[in-house]
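Next up, work-v9.cif (mmCIF, C-alpha atoms and all ligand atoms):
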data_my_file
#
loop_
_atom_site.group_PDB
_atom_site.id
_atom_site.type_symbol
_atom_site.label_atom_id
_atom_site.label_comp_id
_atom_site.auth_asym_id
_atom_site.auth_seq_id
_atom_site.Cartn_x
_atom_site.Cartn_y
_atom_site.Cartn_z
ATOM 1 C CA MET L 16 319.817 110.710 156.912
ATOM 2 C CA LEU L 17 318.820 112.614 160.063
ATOM 3 C CA THR L 18 315.181 113.521 160.542
ATOM 4 C CA ALA L 19 314.182 116.825 162.145
ATOM 5 C CA THR L 20 313.547 115.050 165.459
ATOM 6 C CA ASP L 21 316.958 113.415 165.300
ATOM 7 C CA ARG L 22 318.528 116.784 164.694
ATOM 8 C CA ILE L 23 316.825 118.353 167.705
ATOM 9 C CA ALA L 24 317.958 115.399 169.797
ATOM 10 C CA ALA L 25 321.489 115.801 168.462
ATOM 11 C CA VAL L 26 321.525 119.485 169.356
ATOM 12 C CA THR L 27 320.103 118.749 172.805
ATOM 13 C CA ASP L 28 322.890 116.237 173.412
ATOM 14 C CA THR L 29 325.478 118.953 172.961
ATOM 15 C CA LEU L 30 323.692 121.524 175.145
ATOM 16 C CA ASP L 31 324.065 121.789 178.893
ATOM 17 C CA LEU L 32 320.428 121.246 179.895
ATOM 18 C CA ASP L 33 321.098 122.090 183.549
ATOM 19 C CA ALA L 34 322.463 125.479 182.503
ATOM 20 C CA ILE L 35 319.447 126.087 180.267
ATOM 21 C CA ALA L 36 317.089 125.211 183.114
ATOM 22 C CA ALA L 37 318.987 127.510 185.490
ATOM 23 C CA ALA L 38 318.873 130.388 182.991
ATOM 24 C CA ALA L 39 315.136 129.834 182.451
ATOM 25 C CA GLU L 40 314.516 129.788 186.206
ATOM 26 C CA LEU L 41 316.164 133.205 186.619
ATOM 27 C CA LEU L 42 314.342 134.694 183.635
ATOM 28 C CA ALA L 43 310.945 133.269 184.616
ATOM 29 C CA HIS L 44 311.086 135.477 187.731
ATOM 30 C CA ALA L 45 312.416 138.546 185.930
ATOM 31 C CA GLN L 46 310.215 141.520 185.065
ATOM 32 C CA HIS L 47 312.808 143.708 183.421
ATOM 33 C CA ALA L 48 315.688 141.643 182.113
ATOM 34 C CA VAL L 49 318.268 143.515 180.044
ATOM 35 C CA ALA L 50 320.394 141.843 177.380
ATOM 36 C CA LEU L 51 323.668 142.872 175.777
ATOM 37 C CA ALA L 52 324.211 141.294 172.352
ATOM 38 C CA GLY L 53 327.427 141.203 170.335
ATOM 39 C CA ALA L 54 329.002 140.002 167.113
ATOM 40 C CA GLY L 55 328.512 136.302 167.924
ATOM 41 C CA MET L 56 324.795 136.667 167.144
ATOM 42 C CA SER L 57 325.518 138.237 163.755
ATOM 43 C CA LYS L 58 328.139 135.605 162.970
ATOM 44 C CA GLU L 59 325.449 132.934 163.276
ATOM 45 C CA SER L 60 323.578 134.778 160.506
ATOM 46 C CA GLY L 61 326.639 134.544 158.250
ATOM 47 C CA ILE L 62 328.077 138.011 158.930
ATOM 48 C CA PRO L 63 331.866 137.953 159.350
ATOM 49 C CA THR L 64 333.205 139.149 162.710
ATOM 50 C CA PHE L 65 335.784 141.932 162.812
ATOM 51 C CA ARG L 66 338.211 140.577 165.372
ATOM 52 C CA GLY L 67 339.374 137.033 166.150
ATOM 53 C CA GLU L 68 340.346 134.152 163.913
ATOM 54 C CA GLY L 69 339.186 134.696 160.314
ATOM 55 C CA GLY L 70 337.750 138.110 161.276
ATOM 56 C CA LEU L 71 337.577 140.839 158.667
ATOM 57 C CA TRP L 72 340.095 143.082 160.425
ATOM 58 C CA THR L 73 342.357 140.155 161.309
ATOM 59 C CA ARG L 74 342.693 139.446 157.598
ATOM 60 C CA LEU L 75 342.537 142.920 156.080
ATOM 61 C CA GLY L 76 343.881 145.077 158.904
ATOM 62 C CA GLU L 77 341.969 147.339 161.299
ATOM 63 C CA PRO L 78 340.484 150.555 159.930
ATOM 64 C CA PRO L 79 342.352 153.731 160.916
ATOM 65 C CA LEU L 80 341.690 154.782 164.508
ATOM 66 C CA ASN L 81 341.183 158.393 163.434
ATOM 67 C CA GLN L 82 338.215 157.637 161.132
ATOM 68 C CA TYR L 83 335.989 160.214 162.786
ATOM 69 C CA GLU L 84 338.698 162.860 162.774
ATOM 70 C CA THR L 85 339.062 162.372 159.003
ATOM 71 C CA PHE L 86 335.308 162.728 158.561
ATOM 72 C CA ALA L 87 335.068 165.830 160.758
ATOM 73 C CA ALA L 88 338.023 167.512 159.018
ATOM 74 C CA ASP L 89 336.436 167.209 155.560
ATOM 75 C CA PRO L 90 332.916 165.749 155.507
ATOM 76 C CA ARG L 91 332.534 166.477 151.804
ATOM 77 C CA ARG L 92 335.623 164.441 150.866
ATOM 78 C CA TRP L 93 334.518 161.683 153.242
ATOM 79 C CA TRP L 94 331.125 161.461 151.524
ATOM 80 C CA GLU L 95 332.757 161.443 148.080
ATOM 81 C CA ARG L 96 334.863 158.450 149.135
ATOM 82 C CA ARG L 97 331.796 156.636 150.528
ATOM 83 C CA LEU L 98 329.953 157.081 147.226
ATOM 84 C CA GLU L 99 332.994 155.776 145.305
ATOM 85 C CA GLU L 100 333.297 152.772 147.639
ATOM 86 C CA ALA L 101 329.610 151.971 147.248
ATOM 87 C CA GLN L 102 330.333 151.227 143.578
ATOM 88 C CA GLN L 103 332.955 148.588 144.440
ATOM 89 C CA PRO L 104 332.317 145.001 145.544
ATOM 90 C CA ASN L 105 332.616 144.645 149.313
ATOM 91 C CA GLU L 106 332.624 141.299 151.106
ATOM 92 C CA PHE L 107 331.216 142.672 154.372
ATOM 93 C CA ALA L 108 328.432 144.683 152.703
ATOM 94 C CA GLY L 109 327.486 141.628 150.626
ATOM 95 C CA ALA L 110 327.242 139.427 153.724
ATOM 96 C CA LEU L 111 325.135 142.080 155.488
ATOM 97 C CA GLU L 112 322.733 142.332 152.566
ATOM 98 C CA ALA L 113 322.272 138.545 152.487
ATOM 99 C CA ALA L 114 321.862 138.078 156.255
ATOM 100 C CA GLU L 115 318.575 137.014 157.839
ATOM 101 C CA PRO L 116 317.622 136.957 161.544
ATOM 102 C CA ASN L 117 318.474 133.572 163.077
ATOM 103 C CA PRO L 118 316.530 131.623 165.759
ATOM 104 C CA GLY L 119 318.483 133.493 168.474
ATOM 105 C CA HIS L 120 317.198 136.872 167.231
ATOM 106 C CA VAL L 121 313.665 135.501 167.056
ATOM 107 C CA ALA L 122 313.875 134.041 170.578
ATOM 108 C CA LEU L 123 315.014 137.388 172.052
ATOM 109 C CA ALA L 124 312.084 139.162 170.396
ATOM 110 C CA GLU L 125 309.755 136.527 171.904
ATOM 111 C CA LEU L 126 311.264 137.090 175.331
ATOM 112 C CA GLU L 127 310.417 140.784 174.957
ATOM 113 C CA ALA L 128 306.854 140.030 173.803
ATOM 114 C CA MET L 129 306.418 137.793 176.883
ATOM 115 C CA GLY L 130 307.185 140.782 179.136
ATOM 116 C CA VAL L 131 310.452 139.305 180.425
ATOM 117 C CA LEU L 132 313.071 141.197 178.418
ATOM 118 C CA GLY L 133 312.715 144.913 179.070
ATOM 119 C CA HIS L 134 315.535 146.188 176.871
ATOM 120 C CA LEU L 135 318.171 145.017 174.430
ATOM 121 C CA ILE L 136 321.511 146.771 174.085
ATOM 122 C CA THR L 137 323.229 145.631 170.903
ATOM 123 C CA GLN L 138 326.690 146.269 169.516
ATOM 124 C CA ASN L 139 325.524 144.974 166.134
ATOM 125 C CA ILE L 140 324.730 147.359 163.297
ATOM 126 C CA ASP L 141 323.013 144.830 161.029
ATOM 127 C CA ASP L 142 319.336 145.555 161.859
ATOM 128 C CA LEU L 143 318.625 141.831 162.421
ATOM 129 C CA HIS L 144 317.136 142.381 165.900
ATOM 130 C CA ARG L 145 314.558 144.837 164.545
ATOM 131 C CA ARG L 146 313.775 142.555 161.644
ATOM 132 C CA ALA L 147 313.131 139.733 164.128
ATOM 133 C CA GLY L 148 310.573 141.972 165.884
ATOM 134 C CA GLN L 149 312.602 143.468 168.762
ATOM 135 C CA ARG L 150 311.175 146.839 169.811
ATOM 136 C CA ALA L 151 312.960 148.157 172.917
ATOM 137 C CA ILE L 152 316.481 148.343 171.593
ATOM 138 C CA THR L 153 319.538 150.595 171.799
ATOM 139 C CA GLU L 154 322.055 150.160 168.995
ATOM 140 C CA ILE L 155 325.144 151.643 170.618
ATOM 141 C CA HIS L 156 327.229 151.352 167.464
ATOM 142 C CA GLY L 157 324.382 152.556 165.252
ATOM 143 C CA ASN L 158 322.345 150.892 162.512
ATOM 144 C CA ARG L 159 323.572 150.542 158.940
ATOM 145 C CA HIS L 160 320.144 151.367 157.533
ATOM 146 C CA TRP L 161 319.954 154.731 159.310
ATOM 147 C CA MET L 162 321.521 158.160 159.019
ATOM 148 C CA ARG L 163 322.206 160.588 161.852
ATOM 149 C CA CYS L 164 322.726 164.327 162.242
ATOM 150 C CA THR L 165 326.080 165.019 163.888
ATOM 151 C CA ALA L 166 324.701 168.210 165.469
ATOM 152 C CA CYS L 167 321.286 167.364 166.942
ATOM 153 C CA GLY L 168 321.469 163.539 166.892
ATOM 154 C CA THR L 169 318.181 163.019 164.988
ATOM 155 C CA ARG L 170 318.133 159.697 163.082
ATOM 156 C CA TRP L 171 316.300 158.822 159.863
ATOM 157 C CA PRO L 172 315.992 155.677 157.757
ATOM 158 C CA ARG L 173 318.633 155.866 155.007
ATOM 159 C CA ASP L 174 315.967 156.088 152.287
ATOM 160 C CA GLU L 175 314.601 159.339 153.705
ATOM 161 C CA ILE L 176 317.859 161.230 153.152
ATOM 162 C CA THR L 177 318.599 162.436 149.635
ATOM 163 C CA ILE L 178 322.311 162.149 148.887
ATOM 164 C CA ASP L 179 323.079 164.469 145.994
ATOM 165 C CA PRO L 180 326.658 163.903 144.725
ATOM 166 C CA GLN L 181 326.656 167.545 143.540
ATOM 167 C CA SER L 182 325.799 168.846 146.993
ATOM 168 C CA LEU L 183 327.791 166.964 149.617
ATOM 169 C CA PRO L 184 327.648 166.502 152.534
ATOM 170 C CA PRO L 185 323.901 166.020 153.140
ATOM 171 C CA HIS L 186 322.410 168.225 155.847
ATOM 172 C CA CYS L 187 319.923 167.726 158.692
ATOM 173 C CA LEU L 188 316.242 167.639 157.738
ATOM 174 C CA GLU L 189 315.363 169.719 160.806
ATOM 175 C CA SER L 190 315.333 173.172 159.239
ATOM 176 C CA ALA L 191 316.539 174.974 162.357
ATOM 177 C CA CYS L 192 319.535 172.662 162.722
ATOM 178 C CA GLY L 193 321.445 172.466 159.455
ATOM 179 C CA GLY L 194 323.964 169.985 160.915
ATOM 180 C CA ILE L 195 325.974 167.585 158.758
ATOM 181 C CA VAL L 196 324.517 164.116 158.289
ATOM 182 C CA LYS L 197 326.587 160.911 158.376
ATOM 183 C CA ASN L 198 325.925 157.191 158.522
ATOM 184 C CA ASP L 199 324.430 156.207 161.868
ATOM 185 C CA THR L 200 327.147 153.582 162.406
ATOM 186 C CA VAL L 201 329.705 154.805 164.924
ATOM 187 C CA MET L 202 333.228 155.251 163.541
ATOM 188 C CA PHE L 203 336.531 154.730 165.288
ATOM 189 C CA GLY L 204 337.214 157.865 167.294
ATOM 190 C CA GLU L 205 333.565 158.964 167.249
ATOM 191 C CA PRO L 206 331.786 159.379 170.579
ATOM 192 C CA ILE L 207 328.772 157.120 171.040
ATOM 193 C CA PRO L 208 325.663 159.354 170.989
ATOM 194 C CA PHE L 209 324.993 160.632 174.497
ATOM 195 C CA GLY L 210 321.302 159.708 174.460
ATOM 196 C CA ALA L 211 322.135 156.079 173.675
ATOM 197 C CA LEU L 212 324.578 155.906 176.592
ATOM 198 C CA LEU L 213 322.022 157.442 178.979
ATOM 199 C CA THR L 214 319.402 154.890 177.918
ATOM 200 C CA CYS L 215 321.832 152.005 178.443
ATOM 201 C CA GLU L 216 322.767 153.234 181.929
ATOM 202 C CA ARG L 217 319.124 153.772 182.915
ATOM 203 C CA GLU L 218 318.125 150.335 181.629
ATOM 204 C CA THR L 219 321.053 148.660 183.385
ATOM 205 C CA ASP L 220 320.012 150.367 186.645
ATOM 206 C CA GLN L 221 316.490 148.907 186.245
ATOM 207 C CA ALA L 222 317.577 145.399 185.270
ATOM 208 C CA ASP L 223 316.543 142.529 187.537
ATOM 209 C CA CYS L 224 318.408 139.980 185.395
ATOM 210 C CA PHE L 225 321.188 140.585 182.858
ATOM 211 C CA LEU L 226 322.088 138.495 179.810
ATOM 212 C CA THR L 227 325.202 138.728 177.681
ATOM 213 C CA ILE L 228 324.906 136.992 174.327
ATOM 214 C CA GLY L 229 327.654 136.391 171.798
ATOM 215 C CA THR L 230 329.872 139.150 173.093
ATOM 216 C CA SER L 231 333.381 138.893 174.456
ATOM 217 C CA ALA L 232 332.545 142.036 176.444
ATOM 218 C CA VAL L 233 335.916 143.673 176.082
ATOM 219 C CA VAL L 234 334.812 146.865 174.331
ATOM 220 C CA TYR L 235 333.728 149.758 176.544
ATOM 221 C CA PRO L 236 331.241 151.132 177.367
ATOM 222 C CA ALA L 237 329.244 147.966 176.626
ATOM 223 C CA ALA L 238 331.552 145.864 178.789
ATOM 224 C CA GLN L 239 330.663 147.984 181.825
ATOM 225 C CA TYR L 240 326.915 147.324 181.881
ATOM 226 C CA PRO L 241 326.937 143.662 182.965
ATOM 227 C CA VAL L 242 329.629 144.478 185.550
ATOM 228 C CA ASP L 243 327.482 147.307 186.975
ATOM 229 C CA ALA L 244 324.446 145.016 187.135
ATOM 230 C CA VAL L 245 326.351 142.256 188.939
ATOM 231 C CA ARG L 246 327.682 144.826 191.440
ATOM 232 C CA ARG L 247 324.071 145.581 192.385
ATOM 233 C CA GLY L 248 323.493 141.868 192.995
ATOM 234 C CA VAL L 249 321.683 141.216 189.701
ATOM 235 C CA PRO L 250 322.241 137.686 188.307
ATOM 236 C CA LEU L 251 324.173 137.478 185.033
ATOM 237 C CA ILE L 252 323.476 134.821 182.384
ATOM 238 C CA GLU L 253 326.193 134.369 179.781
ATOM 239 C CA VAL L 254 325.313 132.704 176.458
ATOM 240 C CA ASN L 255 328.528 132.226 174.507
ATOM 241 C CA PRO L 256 330.366 129.253 172.998
ATOM 242 C CA GLU L 257 333.629 130.768 174.255
ATOM 243 C CA GLU L 258 334.863 131.786 177.684
ATOM 244 C CA THR L 259 334.956 135.576 178.168
ATOM 245 C CA PRO L 260 336.223 137.957 180.864
ATOM 246 C CA LEU L 261 332.615 138.006 182.212
ATOM 247 C CA SER L 262 332.455 134.232 182.687
ATOM 248 C CA GLU L 263 333.892 134.444 186.185
ATOM 249 C CA ILE L 264 331.135 136.768 187.438
ATOM 250 C CA ALA L 265 328.239 135.023 185.646
ATOM 251 C CA SER L 266 325.586 133.207 187.716
ATOM 252 C CA VAL L 267 324.753 130.868 184.820
ATOM 253 C CA ILE L 268 326.878 130.078 181.774
ATOM 254 C CA VAL L 269 325.373 128.476 178.669
ATOM 255 C CA ARG L 270 328.295 127.454 176.467
ATOM 256 C CA ALA L 271 326.485 127.301 173.137
ATOM 257 C CA PRO L 272 325.688 129.426 170.089
ATOM 258 C CA SER L 273 322.733 131.736 170.744
ATOM 259 C CA GLY L 274 320.718 130.246 167.875
ATOM 260 C CA GLU L 275 320.728 126.900 169.649
ATOM 261 C CA ALA L 276 320.548 128.032 173.267
ATOM 262 C CA LEU L 277 318.082 130.947 173.234
ATOM 263 C CA PRO L 278 315.077 129.153 171.660
ATOM 264 C CA ARG L 279 315.421 126.435 174.320
ATOM 265 C CA ILE L 280 315.810 128.908 177.163
ATOM 266 C CA VAL L 281 312.761 130.871 175.986
ATOM 267 C CA ALA L 282 310.663 127.696 175.627
ATOM 268 C CA ALA L 283 311.628 126.736 179.183
ATOM 269 C CA VAL L 284 310.739 130.232 180.487
ATOM 270 C CA ARG L 285 307.352 129.991 178.789
ATOM 271 C CA ALA L 286 306.690 126.573 180.342
ATOM 272 C CA ARG L 287 307.622 127.822 183.823
ATOM 273 C CA ARG L 288 305.447 130.902 183.563
ATOM 274 C CA ALA L 289 302.510 128.869 182.248
ATOM 275 C CA ALA L 290 302.919 126.417 185.136
ATOM 276 C CA ALA L 291 302.918 129.336 187.584
ATOM 277 C CA GLY L 292 299.698 130.642 186.007
ATOM 278 C CA ARG L 293 301.346 133.709 184.488
ATOM 279 C CA ALA L 294 300.833 134.933 180.972
ATOM 280 C CA PRO L 295 302.682 132.647 178.510
HETATM 281 ZN ZN ZN J 301 320.277 168.121 163.153
#
Would you encode the structure as structure tokens?
Ligand SMILES: [Zn+2]
Amino acid sequence: MLTATDRIAAVTDTLDLDAIAAAAELLAHAQHAVALAGAGMSKESGIPTFRGEGGLWTRLGEPPLNQYETFAADPRRWWERRLEEAQQPNEFAGALEAAEPNPGHVALAELEAMGVLGHLITQNIDDLHRRAGQRAITEIHGNRHWMRCTACGTRWPRDEITIDPQSLPPHCLESACGGIVKNDTVMFGEPIPFGALLTCERETDQADCFLTIGTSAVVYPAAQYPVDAVRRGVPLIEVNPEETPLSEIASVIVRAPSGEALPRIVAAVRARRAAAGRAP
């Protein structure tokens, strides 16, 4: 039977330690790193991916591309369907409920607390980054535990919105607004909230190091941010077990799951900063 030490050694054997050291070296000198996280991080917490082998949509078919159009045409009917669906067993919802932050989520939150990571842009809706302690975060596809007004863009935790089946759809809590409220998660065909896009662009412009983690970076606008950063001469670190379209412009590639790679990278950053007499 393997002991804990054996297991760490076994993991280390499969990791590219030179790549981890190179990533740590870049981050140790960064003051406002920006990270883009994708479905790979959620997958390591047991949440099924949508696309790719075994993905939810690969098996069950993609949702209709006009989801948002359907909602906008008849929000009341859309809400009625959501309430009906909530009564039925759902594999994805079950996996989301059961998911816990993994060591990769925790490591990213530590990198923020150390003053290295300035902002996290995530494509994940599962709330695991927040639960791990991440604070500066833009969820470009929304958060499943939040609701959002389609008129003014205000967001609230789901529990703060009363959903009365006799009075659908729910309306904005800002009395002067009166807009229709929907889930915060962004549907197919729905524009990403403008404020979120502005924040991502501003953060990307400020980045002095950029990380992509567990994302194949093929979905826009997220795919554009690392490209924009690299164009300004900012180094890109890719953490992903698979090759992606960004691999060819990355300065450092760590070919490993984030839950294995990130804790080691963050430990190495901490050691470098301590050695340089900076705050750990
Ligand atoms: Zn509103």
Subject >> Within 6 Å of segment 36-53 of chain L using only C-alpha atoms, minus same-chain residues under 5 positions, as JSON, numbers by chain >> reply: {"L": [131, 132, 133, 134, 135, 136, 137, 138, 139, 222, 223, 224, 225, 226, 227, 228, 229, 230, 280, 283, 284]}
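Minimum distance to ligand ZN 301 (chain J) across L:Pro256, L:Pro272, L:Pro278, L:Gly194 (counting all atoms listed in the file) occurs at L:Gly194.
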Subject >> Test item: the PyMOL selection byres (((not hetatm)) within 12 of (chain J and resi 301)) resolved as a list in words >> reply: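 Matching residues under the PyMOL selection byres (((not hetatm)) within 12 of (chain J and resi 301)) are Met162, Arg163, Cys164, Thr165, Ala166, Cys167, Gly168, Thr169, Arg170, Trp171, Pro185, His186, Cys187, Leu188, Glu189, Ser190, Ala191, Cys192, Gly193, Gly194, Ile195, Val196 and Lys197 of chain L.
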**OP:** Rounded to one decimal place, report the atom CA of Leu30 of chain L-atom CA of Ala271 of chain L distance in Å.
**Re:** 6.7 Å
Subject >> Among the residues L:Ala108, L:Ile152, L:Leu32, L:Leu183, the one that comes closest to Glu95 of chain L [using only C-alpha atoms] >> reply: L:Leu183
**OP:** Please indicate the distance in Å from atom CA of Arg97 of chain L to atom CA of Ser182 of chain L, rounded to one decimal place.
**Re:** 14.1 Å
Set up a box along x, y and z of the file covering all listed atoms of segment 131-146 of chain L, add 3 Å on every one of the six sides, and write the centre and edge lengths in Å to one decimal, as JSON.
{"center_x": 318.6, "center_y": 143.3, "center_z": 170.7, "size_x": 22.2, "size_y": 14.1, "size_z": 25.4}
Original post:
Expressed in Å to a single decimal, how great is the separation between atom CA of Arg288 of chain L and atom CA of Ile35 of chain L?
Top reply: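 These atoms are spaced 15.2 Å apart.
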Subject >> Ground truth for the PyMOL selection byres (((chain L and resi 157) around 7) and not hetatm), written as a list in words >> reply: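 Given this file, the PyMOL selection byres (((chain L and resi 157) around 7) and not hetatm) evaluates to Ile140, Glu154, Ile155, His156, Asn158, Arg159, Asp199, Thr200 and Val201 of chain L.
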**OP:** With a distance cut-off of 9 Å and all atoms listed in the file, select the neighbouring residues of Gly204 of chain L, excluding the residue or stretch itself and same-chain residues fewer than 4 positions from it, and output the selection as a list in words.
**Re:** Leu80, Asn81, Gln82, Tyr83 and Glu84 of chain L
With the file shown as input, list the residues that the PyMOL selection byres (((chain L and resi 277) around 8) and not hetatm) selects, as a compact mmCIF listing (two decimals) with C-alpha atoms, keeping the file's coordinate frame.
# COMPACT_ATOMS: atom_id res chain seq x y z
CA PRO L 118 316.53 131.62 165.76
CA GLY L 119 318.48 133.49 168.47
CA ALA L 122 313.88 134.04 170.58
CA LEU L 123 315.01 137.39 172.05
CA SER L 273 322.73 131.74 170.74
CA GLY L 274 320.72 130.25 167.88
CA GLU L 275 320.73 126.90 169.65
CA ALA L 276 320.55 128.03 173.27
CA PRO L 278 315.08 129.15 171.66
CA ARG L 279 315.42 126.44 174.32
CA ILE L 280 315.81 128.91 177.16
CA VAL L 281 312.76 130.87 175.99
**OP:** Could you tell me which of L:Pro172, L:Gly148, L:Pro116, L:Gly130 comes closest to Ser57 of chain L if we count only C-alpha atoms?
**Re:** L:Pro116
Original post:
For Gln221 of chain L, which residue out of L:Asp243, L:Phe209, L:Ala238, L:Glu115 is the nearest one, using all atoms listed in the file?
Top reply: L:Asp243
Subject >> Minimum-distance residue to Pro260 of chain L, chosen among L:Glu106, L:Glu99, L:Val245, L:Ser231 (using all atoms listed in the file) >> reply: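 Counting all atoms listed in the file, the residue closest to Pro260 of chain L is L:Ser231.
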Original post:
Restricting the calculation to all atoms listed in the file, which member of L:Arg96, L:Thr153, L:Pro241, L:Asp89 is positioned closest to Pro180 of chain L?
Top reply: L:Arg96
Subject >> Spatial sel., origin (337.0, 143.6, 162.6), limit 10 Å, all atoms listed in the file, listed as a ChimeraX atom specification >> reply: /L:54,63-67,69-78
